[in-house]
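Here's start-v8.txt, which has compact mmCIF, C-alpha atoms:
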# COMPACT_ATOMS: atom_id res chain seq x y z
CA MET A 85 -24.64 23.84 20.89
CA ALA A 86 -20.98 23.28 20.00
CA ASP A 87 -20.19 21.10 17.00
CA THR A 88 -18.90 17.82 18.42
CA ALA A 89 -18.33 16.12 15.07
CA SER A 90 -14.96 14.44 14.80
CA PRO A 91 -12.52 16.23 12.50
CA GLU A 92 -11.65 14.58 9.22
CA PRO A 93 -8.56 12.41 9.66
CA PRO A 94 -5.61 13.42 7.48
CA LEU A 95 -5.39 9.95 5.90
CA ARG A 96 -8.07 7.66 4.60
CA ALA A 97 -7.65 4.22 3.06
CA ALA A 98 -9.89 1.77 1.25
CA MET A 99 -9.08 -1.91 0.79
CA LEU A 100 -10.02 -3.11 -2.70
CA PRO A 101 -9.44 -6.86 -3.21
CA VAL A 102 -8.47 -7.63 -6.82
CA THR A 103 -7.60 -10.62 -9.01
CA PRO A 104 -8.70 -14.21 -8.33
CA LEU A 105 -6.11 -14.21 -5.51
CA GLN A 106 -8.07 -11.48 -3.66
CA GLN A 107 -5.05 -9.26 -3.23
CA ASN A 108 -5.67 -6.06 -1.26
CA CYS A 109 -5.05 -3.12 -3.52
CA THR A 110 -5.20 -0.09 -1.21
CA LEU A 111 -6.41 3.34 -2.21
CA VAL A 112 -4.84 5.83 0.21
CA TRP A 113 -5.51 9.54 0.09
CA CYS A 114 -4.82 12.85 1.75
CA THR A 115 -8.12 14.31 2.91
CA ARG A 116 -6.81 17.90 2.74
CA THR A 117 -5.92 17.70 -0.95
CA MET A 118 -8.03 14.68 -2.03
CA ARG A 119 -4.98 13.41 -3.86
CA GLY A 120 -4.18 9.74 -3.51
CA ALA A 121 -2.28 6.68 -4.63
CA PHE A 122 -3.04 3.08 -5.44
CA ILE A 123 -0.79 0.65 -3.58
CA ASP A 124 -0.41 -2.65 -5.45
CA PRO A 125 -2.96 -2.40 -8.29
CA GLY A 126 -2.68 -5.99 -9.44
CA GLY A 127 -5.77 -6.05 -11.66
CA ASP A 128 -9.47 -5.27 -12.04
CA LEU A 129 -8.59 -1.76 -13.15
CA PRO A 130 -12.14 -0.54 -13.97
CA ARG A 131 -13.15 -1.35 -10.39
CA LEU A 132 -10.18 0.55 -9.01
CA GLU A 133 -10.82 3.60 -11.16
CA ALA A 134 -14.50 3.57 -10.17
CA ALA A 135 -13.58 3.44 -6.48
CA ALA A 136 -11.29 6.46 -6.80
CA ALA A 137 -13.94 8.40 -8.69
CA LYS A 138 -16.62 7.55 -6.11
CA ALA A 139 -14.35 8.75 -3.29
CA GLY A 140 -13.55 11.95 -5.19
CA VAL A 141 -9.83 11.13 -5.17
CA THR A 142 -7.38 12.27 -7.83
CA VAL A 143 -4.79 9.51 -8.13
CA GLU A 144 -1.31 11.03 -8.49
CA LYS A 145 0.89 7.94 -8.34
CA ILE A 146 1.11 4.18 -7.98
CA LEU A 147 3.08 2.55 -5.16
CA VAL A 148 4.27 -1.06 -5.32
CA THR A 149 5.36 -3.23 -2.37
CA HIS A 150 6.85 -6.09 -4.39
CA GLY A 151 6.99 -7.73 -7.79
CA HIS A 152 4.44 -10.55 -7.61
CA ILE A 153 1.78 -10.75 -10.31
CA ASP A 154 -1.26 -10.20 -8.05
CA HIS A 155 0.31 -7.04 -6.62
CA CYS A 156 1.61 -5.29 -9.72
CA GLY A 157 0.66 -7.20 -12.85
CA GLN A 158 -1.39 -4.26 -14.11
CA ALA A 159 0.55 -1.41 -12.50
CA GLY A 160 2.18 -0.37 -15.77
CA VAL A 161 -1.12 -0.43 -17.64
CA LEU A 162 -2.83 1.69 -15.00
CA ALA A 163 0.07 4.14 -14.86
CA ARG A 164 -0.26 4.76 -18.60
CA ARG A 165 -4.02 5.14 -18.37
CA LEU A 166 -3.81 7.67 -15.56
CA GLY A 167 -0.61 9.35 -16.69
CA VAL A 168 1.04 8.89 -13.28
CA PRO A 169 4.42 7.58 -12.08
CA ILE A 170 5.17 4.28 -10.35
CA GLU A 171 7.29 4.25 -7.20
CA GLY A 172 8.62 0.98 -5.76
CA PRO A 173 9.50 -1.65 -5.02
CA HIS A 174 13.21 -2.09 -4.21
CA GLU A 175 15.31 -2.88 -7.28
CA GLU A 176 16.03 -6.40 -6.02
CA ASP A 177 12.57 -7.29 -7.40
CA ARG A 178 13.48 -6.23 -10.95
CA PHE A 179 13.72 -9.87 -12.04
CA LEU A 180 10.12 -10.53 -10.95
CA ILE A 181 8.72 -7.46 -12.69
CA ALA A 182 10.56 -8.38 -15.89
CA ASP A 183 8.73 -11.73 -15.93
CA LEU A 184 5.21 -10.47 -15.14
CA ALA A 185 3.83 -11.48 -18.52
CA GLU A 186 5.03 -15.07 -18.06
CA HIS A 187 3.80 -15.17 -14.47
CA GLY A 188 0.44 -13.89 -15.68
CA ARG A 189 0.14 -16.78 -18.11
CA GLN A 190 0.95 -19.22 -15.31
CA TYR A 191 -1.68 -17.80 -12.96
CA GLY A 192 -4.30 -16.81 -15.52
CA ILE A 193 -3.97 -13.15 -14.55
CA PRO A 194 -3.08 -10.42 -17.08
CA GLY A 195 0.47 -9.26 -16.48
CA GLU A 196 2.81 -6.79 -18.11
CA GLY A 197 6.34 -5.80 -17.16
CA PHE A 198 7.19 -2.18 -16.42
CA GLU A 199 10.04 0.04 -15.26
CA PRO A 200 9.22 2.04 -12.12
CA ASP A 201 9.87 5.74 -12.29
CA ARG A 202 11.60 5.34 -8.94
CA TRP A 203 13.01 2.29 -7.21
CA LEU A 204 12.79 2.61 -3.42
CA ASP A 205 15.23 1.85 -0.64
CA GLU A 206 15.39 1.80 3.14
CA GLY A 207 15.14 5.24 4.71
CA GLU A 208 13.47 6.96 1.77
CA ALA A 209 9.96 8.42 1.81
CA VAL A 210 7.11 8.79 -0.64
CA THR A 211 4.45 11.48 -0.61
CA VAL A 212 0.73 11.30 -1.31
CA GLY A 213 -0.83 14.75 -1.31
CA GLU A 214 0.49 16.30 1.91
CA LEU A 215 1.08 12.89 3.51
CA SER A 216 4.50 11.28 3.85
CA PHE A 217 5.14 7.54 4.09
CA ASP A 218 8.43 6.13 5.32
CA VAL A 219 9.84 3.28 3.24
CA TYR A 220 11.29 0.16 4.85
CA HIS A 221 13.07 -2.57 2.89
CA THR A 222 11.59 -5.84 4.17
CA PRO A 223 13.02 -8.82 2.24
CA GLY A 224 12.08 -12.42 2.86
CA HIS A 225 8.89 -12.92 0.87
CA THR A 226 10.70 -11.38 -2.09
CA PRO A 227 14.18 -9.81 -2.03
CA GLY A 228 12.93 -6.35 -2.99
CA HIS A 229 9.80 -6.11 -0.83
CA VAL A 230 9.10 -2.72 0.81
CA ILE A 231 6.42 -1.45 3.17
CA PHE A 232 4.93 2.02 3.58
CA HIS A 233 4.34 3.63 7.00
CA ASN A 234 2.63 6.91 7.88
CA VAL A 235 3.78 7.91 11.35
CA ALA A 236 1.11 10.48 12.14
CA SER A 237 -1.81 8.19 11.33
CA LYS A 238 -0.17 5.04 12.74
CA PHE A 239 -0.93 3.29 9.46
CA ALA A 240 1.11 0.85 7.40
CA GLN A 241 0.66 -1.07 4.18
CA VAL A 242 2.84 -4.16 4.49
CA GLY A 243 2.13 -6.19 1.35
CA ASP A 244 2.85 -9.87 1.91
CA VAL A 245 5.23 -9.53 4.86
CA LEU A 246 2.60 -10.01 7.57
CA PHE A 247 -1.05 -11.04 7.69
CA GLN A 248 -3.66 -11.35 10.39
CA GLY A 249 -2.59 -14.62 11.99
CA SER A 250 0.09 -15.51 9.46
CA ILE A 251 3.19 -14.34 7.57
CA GLY A 252 4.30 -14.26 3.95
CA ARG A 253 5.41 -17.34 2.08
CA THR A 254 9.14 -17.80 1.62
CA ASP A 255 9.16 -20.67 -0.88
CA PHE A 256 9.15 -18.38 -3.93
CA PRO A 257 12.37 -17.60 -5.83
CA ARG A 258 14.86 -15.84 -3.54
CA GLY A 259 12.55 -16.05 -0.55
CA ASP A 260 14.21 -16.34 2.86
CA HIS A 261 12.37 -17.28 6.04
CA ARG A 262 14.98 -15.86 8.42
CA GLN A 263 15.05 -12.55 6.54
CA LEU A 264 11.27 -12.34 6.78
CA LEU A 265 11.25 -12.93 10.54
CA ASP A 266 14.02 -10.38 10.99
CA ALA A 267 12.06 -7.82 8.96
CA ILE A 268 8.91 -8.33 11.01
CA VAL A 269 10.61 -8.19 14.40
CA GLY A 270 13.26 -5.62 13.54
CA LYS A 271 11.30 -3.22 11.34
CA LEU A 272 7.55 -3.68 11.85
CA TRP A 273 7.34 -4.15 15.62
CA PRO A 274 9.25 -0.93 16.43
CA LEU A 275 6.58 1.03 14.55
CA GLY A 276 4.26 0.51 17.53
CA ASP A 277 1.65 -1.95 18.77
CA ASP A 278 -1.14 0.50 17.97
CA THR A 279 -0.18 0.76 14.29
CA VAL A 280 -2.97 -0.49 12.02
CA PHE A 281 -1.72 -2.36 8.99
CA VAL A 282 -3.28 -3.45 5.71
CA PRO A 283 -1.82 -6.75 4.52
CA GLY A 284 -1.64 -8.03 0.97
CA HIS A 285 -4.48 -10.48 1.64
CA GLY A 286 -7.19 -10.75 4.26
CA PRO A 287 -8.37 -8.35 6.97
CA ALA A 288 -6.47 -5.49 8.56
CA SER A 289 -4.94 -5.90 12.00
CA THR A 290 -2.53 -4.16 14.37
CA PHE A 291 1.06 -5.01 15.14
CA GLY A 292 0.11 -5.38 18.79
CA GLN A 293 -2.53 -7.98 18.01
CA GLU A 294 -0.06 -9.98 15.95
CA ARG A 295 2.58 -9.80 18.67
CA ARG A 296 0.02 -11.33 21.02
CA THR A 297 -1.70 -13.90 18.80
CA ASN A 298 0.15 -14.63 15.53
CA ALA A 299 1.07 -18.32 15.39
CA PHE A 300 4.34 -17.54 13.58
CA VAL A 301 5.69 -14.31 15.09
CA ALA A 302 3.93 -13.70 18.41
CA ASP A 303 6.35 -12.73 21.16
CA ALA A 304 5.66 -15.98 22.99
CA VAL A 305 6.30 -18.04 19.86
CA LEU A 306 9.64 -16.34 19.24
CA GLY A 307 10.67 -16.51 22.91
CA ARG A 308 10.34 -12.75 23.39
CA ALA A 309 7.56 -12.80 26.01

Would you mind giving the structure from this file in structure tokens?
Amino acid sequence: MADTASPEPPLRAAMLPVTPLQQNCTLVWCTRTMRGAFIDPGGDLPRLEAAAAKAGVTVEKILVTHGHIDHCGQAGVLARRLGVPIEGPHEEDRFLIADLAEHGRQYGIPGEGFEPDRWLDEGEAVTVGELSFDVYHTPGHTPGHVIFHNVASKFAQVGDVLFQGSIGRTDFPRGDHRQLLDAIVGKLWPLGDDTVFVPGHGPASTFGQERRTNAFVADAVLGRA
């Protein structure tokens, strides 16, 4: 009898909520090389390291979508522990990363500032094993927010730009509601309705589902139906 087992997908991802704010740190990895990256390791580092070890993944870098404490408060600490570089976010979030220690005291979450090995900008790409993720600059929630998109797997990690049923807050320093809407409509929607995305908080969804049902950015809400 022929083997009908499905082939291993090239990309796998695990959502690992961390910090009291239940922020989705995402472990993404290349199944051919078993090399991976943590996206937004905001805290609970022993849990993250245990998850990578259980999956058999060698973490080769840390990716950061934006500079808020729950997303990157412990990124610098983890980078030192693992001996890996940090890539992202866009340099417009430098002011947030510089104040992570103070923000940590405000929120009761350990925070430490860091300097990324590479700031990211629109049109660049990052690699994880043999995988490539396109970088999109998506300001609005923060001025330096970026998202990561893998075309072949129709997968995106969008930080706090978009959630299932909601969108990111824009009342933080240098937030901008119009910029956020423009980023969602102009940069996320063209990636395809069938793209699965992991948000910074809550369950995964697809861009198509949000275009149909999201109370803030559905096509009907924005007059695009």

Close residues, segment 119-124 of chain A itself excluded, 8 Å, only C-alpha atoms, min 5 positions apart in chain, as a compact mmCIF listing (two decimals) with C-alpha atoms, keeping the file's coordinate frame:
# COMPACT_ATOMS: atom_id res chain seq x y z
CA ASN A 108 -5.67 -6.06 -1.26
CA CYS A 109 -5.05 -3.12 -3.52
CA THR A 110 -5.20 -0.09 -1.21
CA LEU A 111 -6.41 3.34 -2.21
CA VAL A 112 -4.84 5.83 0.21
CA TRP A 113 -5.51 9.54 0.09
CA CYS A 114 -4.82 12.85 1.75
CA VAL A 141 -9.83 11.13 -5.17
CA THR A 142 -7.38 12.27 -7.83
CA VAL A 143 -4.79 9.51 -8.13
CA GLU A 144 -1.31 11.03 -8.49
CA LYS A 145 0.89 7.94 -8.34
CA ILE A 146 1.11 4.18 -7.98
CA LEU A 147 3.08 2.55 -5.16
CA VAL A 148 4.27 -1.06 -5.32
CA THR A 149 5.36 -3.23 -2.37
CA HIS A 155 0.31 -7.04 -6.62
CA CYS A 156 1.61 -5.29 -9.72
CA ALA A 159 0.55 -1.41 -12.50
CA VAL A 212 0.73 11.30 -1.31
CA GLY A 213 -0.83 14.75 -1.31

Interatomic distance, atom CA of Gln107 of chain A to atom CA of Gly172 of chain A (Å, one decimal):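 According to the coordinates, atom CA of Gln107 of chain A and atom CA of Gly172 of chain A are separated by 17.3 Å.
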
Interatomic distance between atom CA of Pro91 of chain A and atom CA of Ser237 of chain A?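 Between atom CA of Pro91 of chain A and atom CA of Ser237 of chain A the gap works out to 13.4 Å.
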
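Here atom CA of Glu92 of chain A stands at a distance of 14.1 Å from atom CA of Ala139 of chain A.
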
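Nearest-residue note for Arg295 of chain A: choosing from A:Val269, A:Val282, A:Val230, A:Val235, the minimum distance belongs to A:Val269, counting only C-alpha atoms.
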
Could you check the closest approach to Gly127 of chain A for each of A:Asp277, A:Asp154, A:Glu176, A:Glu214 and tell me which residue wins, using all atoms listed in the file?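 Nearest candidate to Gly127 of chain A out of A:Asp277, A:Asp154, A:Glu176, A:Glu214: A:Asp154.
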
Which one is closest to Ala97 of chain A: A:Leu162, A:Ala288, A:Ile268, A:Leu246? Count all atoms listed in the file. A:Ala288

Per residue of segment 88-108 of chain A within 12 Å of segment 215-218 of chain A, which atom pair is closest and at what distance in Å (one decimal), using all atoms listed in the file, listed by chain and increasing number, as a Markdown table?
| residue | atom | partner | partner_atom | distance |
| --- | --- | --- | --- | --- |
| A:Pro93 | CA | A:Leu215 | CA | 11.4 |
| A:Pro94 | CA | A:Leu215 | CA | 7.8 |
| A:Leu95 | CA | A:Leu215 | CA | 7.5 |
| A:Arg96 | CA | A:Leu215 | CA | 10.6 |

Fewer than 3 positions away in the same chain doesn't count, so skip those; otherwise give me all residues within 8 Å of Arg178 of chain A, counting only C-alpha atoms, as a PyMOL selection string. chain A and resi 151+174-175+181-182+228

Top pick for closest residue to Val102 of chain A, considering A:Glu199, A:Ala304, A:Gly286, A:Val280 and counting all atoms listed in the file: A:Gly286

Choose the residue, out of A:Gly224, A:Leu272, A:Phe281, A:Ala267, that has the smallest atom-to-atom separation from Lys238 of chain A; count all atoms listed in the file.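 The answer is A:Phe281, which sits nearest to Lys238 of chain A.
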
In terms of the shortest atom-to-atom distance over all atoms listed in the file, which of A:Gly243, A:Gly307, A:Gly284, A:Gly188 is closest to Ile153 of chain A? A:Gly188

List the spatial neighbours of Val161 of chain A as JSON, numbers by chain - criterion: any atom at most 10 Å away, only C-alpha atoms, same-chain residues fewer than 5 positions off excluded. {"A": [125, 127, 129, 156, 166, 167, 195, 196, 197, 198]}

Compile the contact shell of Arg262 of chain A as a PDB file with C-alpha atoms, in the coordinates of the input: residues with an atom at most 12 Å away, counting only C-alpha atoms, same-chain residues fewer than 5 positions apart removed.
ATOM      1  CA  THR A 222      11.590  -5.840   4.170  1.00  0.00           C
ATOM      2  CA  PRO A 223      13.020  -8.820   2.240  1.00  0.00           C
ATOM      3  CA  GLY A 224      12.080 -12.420   2.860  1.00  0.00           C
ATOM      4  CA  HIS A 225       8.890 -12.920   0.870  1.00  0.00           C
ATOM      5  CA  ILE A 251       3.190 -14.340   7.570  1.00  0.00           C
ATOM      6  CA  GLY A 252       4.300 -14.260   3.950  1.00  0.00           C
ATOM      7  CA  ARG A 253       5.410 -17.340   2.080  1.00  0.00           C
ATOM      8  CA  THR A 254       9.140 -17.800   1.620  1.00  0.00           C
ATOM      9  CA  ASP A 255       9.160 -20.670  -0.880  1.00  0.00           C
ATOM     10  CA  ALA A 267      12.060  -7.820   8.960  1.00  0.00           C
ATOM     11  CA  ILE A 268       8.910  -8.330  11.010  1.00  0.00           C
ATOM     12  CA  VAL A 269      10.610  -8.190  14.400  1.00  0.00           C
ATOM     13  CA  GLY A 270      13.260  -5.620  13.540  1.00  0.00           C
ATOM     14  CA  PHE A 300       4.340 -17.540  13.580  1.00  0.00           C
ATOM     15  CA  VAL A 301       5.690 -14.310  15.090  1.00  0.00           C
TER      16      VAL A 301
END

Completed segment 272-283 of chain A (all heavy atoms) as a tab-separated table (two decimals), in the frame of the given file:
chain	number	residue	atom	x	y	z
A	272	LEU	N	8.97	-3.94	11.64
A	272	LEU	CA	7.55	-3.68	11.85
A	272	LEU	C	7.23	-3.42	13.32
A	272	LEU	O	6.58	-2.44	13.66
A	272	LEU	CB	6.70	-4.84	11.33
A	272	LEU	CG	6.27	-4.75	9.86
A	272	LEU	CD1	7.47	-4.64	8.92
A	272	LEU	CD2	5.41	-5.95	9.48
A	273	TRP	N	7.71	-4.30	14.20
A	273	TRP	CA	7.34	-4.15	15.62
A	273	TRP	C	7.74	-2.80	16.20
A	273	TRP	O	6.96	-2.21	16.96
A	273	TRP	CB	7.95	-5.26	16.45
A	273	TRP	CG	7.43	-6.66	16.32
A	273	TRP	CD1	7.99	-7.77	16.91
A	273	TRP	CD2	6.27	-7.17	15.64
A	273	TRP	NE1	7.28	-8.91	16.62
A	273	TRP	CE2	6.21	-8.56	15.84
A	273	TRP	CE3	5.28	-6.57	14.85
A	273	TRP	CZ2	5.21	-9.36	15.29
A	273	TRP	CZ3	4.29	-7.36	14.29
A	273	TRP	CH2	4.24	-8.72	14.51
A	274	PRO	N	8.91	-2.24	15.87
A	274	PRO	CA	9.25	-0.93	16.43
A	274	PRO	C	8.33	0.21	16.00
A	274	PRO	O	8.37	1.28	16.61
A	274	PRO	CB	10.69	-0.70	15.92
A	274	PRO	CG	11.24	-2.06	15.70
A	274	PRO	CD	10.09	-2.85	15.18
A	275	LEU	N	7.50	-0.02	14.99
A	275	LEU	CA	6.58	1.03	14.55
A	275	LEU	C	5.42	1.23	15.53
A	275	LEU	O	4.68	2.20	15.41
A	275	LEU	CB	6.05	0.72	13.15
A	275	LEU	CG	7.12	0.58	12.06
A	275	LEU	CD1	6.48	0.29	10.71
A	275	LEU	CD2	8.00	1.82	11.99
A	276	GLY	N	5.25	0.30	16.47
A	276	GLY	CA	4.26	0.51	17.53
A	276	GLY	C	3.12	-0.48	17.49
A	276	GLY	O	2.57	-0.77	16.43
A	277	ASP	N	2.74	-0.98	18.68
A	277	ASP	CA	1.65	-1.95	18.77
A	277	ASP	C	0.33	-1.40	18.27
A	277	ASP	O	-0.54	-2.16	17.81
A	277	ASP	CB	1.48	-2.40	20.23
A	277	ASP	CG	2.57	-3.34	20.69
A	277	ASP	OD1	3.46	-3.69	19.88
A	277	ASP	OD2	2.55	-3.73	21.88
A	278	ASP	N	0.15	-0.08	18.36
A	278	ASP	CA	-1.14	0.50	17.97
A	278	ASP	C	-1.18	0.87	16.49
A	278	ASP	O	-2.17	1.47	16.02
A	278	ASP	CB	-1.45	1.74	18.81
A	278	ASP	CG	-0.35	2.78	18.81
A	278	ASP	OD1	0.75	2.49	18.29
A	278	ASP	OD2	-0.58	3.89	19.34
A	279	THR	N	-0.17	0.51	15.73
A	279	THR	CA	-0.18	0.76	14.29
A	279	THR	C	-1.13	-0.21	13.59
A	279	THR	O	-1.00	-1.43	13.75
A	279	THR	CB	1.23	0.63	13.70
A	279	THR	OG1	2.07	1.64	14.26
A	279	THR	CG2	1.21	0.78	12.18
A	280	VAL	N	-2.06	0.33	12.84
A	280	VAL	CA	-2.97	-0.49	12.02
A	280	VAL	C	-2.27	-0.78	10.70
A	280	VAL	O	-1.69	0.11	10.08
A	280	VAL	CB	-4.29	0.25	11.77
A	280	VAL	CG1	-5.18	-0.53	10.82
A	280	VAL	CG2	-5.02	0.51	13.09
A	281	PHE	N	-2.33	-2.04	10.27
A	281	PHE	CA	-1.72	-2.36	8.99
A	281	PHE	C	-2.70	-3.06	8.06
A	281	PHE	O	-3.56	-3.83	8.49
A	281	PHE	CB	-0.45	-3.21	9.16
A	281	PHE	CG	-0.69	-4.65	9.58
A	281	PHE	CD1	-0.85	-5.65	8.64
A	281	PHE	CD2	-0.73	-4.99	10.93
A	281	PHE	CE1	-1.05	-6.98	9.01
A	281	PHE	CE2	-0.92	-6.31	11.32
A	281	PHE	CZ	-1.08	-7.30	10.36
A	282	VAL	N	-2.56	-2.75	6.77
A	282	VAL	CA	-3.28	-3.45	5.71
A	282	VAL	C	-2.32	-4.46	5.11
A	282	VAL	O	-1.25	-4.09	4.62
A	282	VAL	CB	-3.77	-2.47	4.63
A	282	VAL	CG1	-4.37	-3.24	3.45
A	282	VAL	CG2	-4.80	-1.51	5.21
A	283	PRO	N	-2.67	-5.73	5.13
A	283	PRO	CA	-1.82	-6.75	4.52
A	283	PRO	C	-2.17	-6.94	3.05
A	283	PRO	O	-3.15	-6.39	2.54
A	283	PRO	CB	-2.16	-8.00	5.33
A	283	PRO	CG	-3.62	-7.82	5.65
A	283	PRO	CD	-3.83	-6.33	5.82
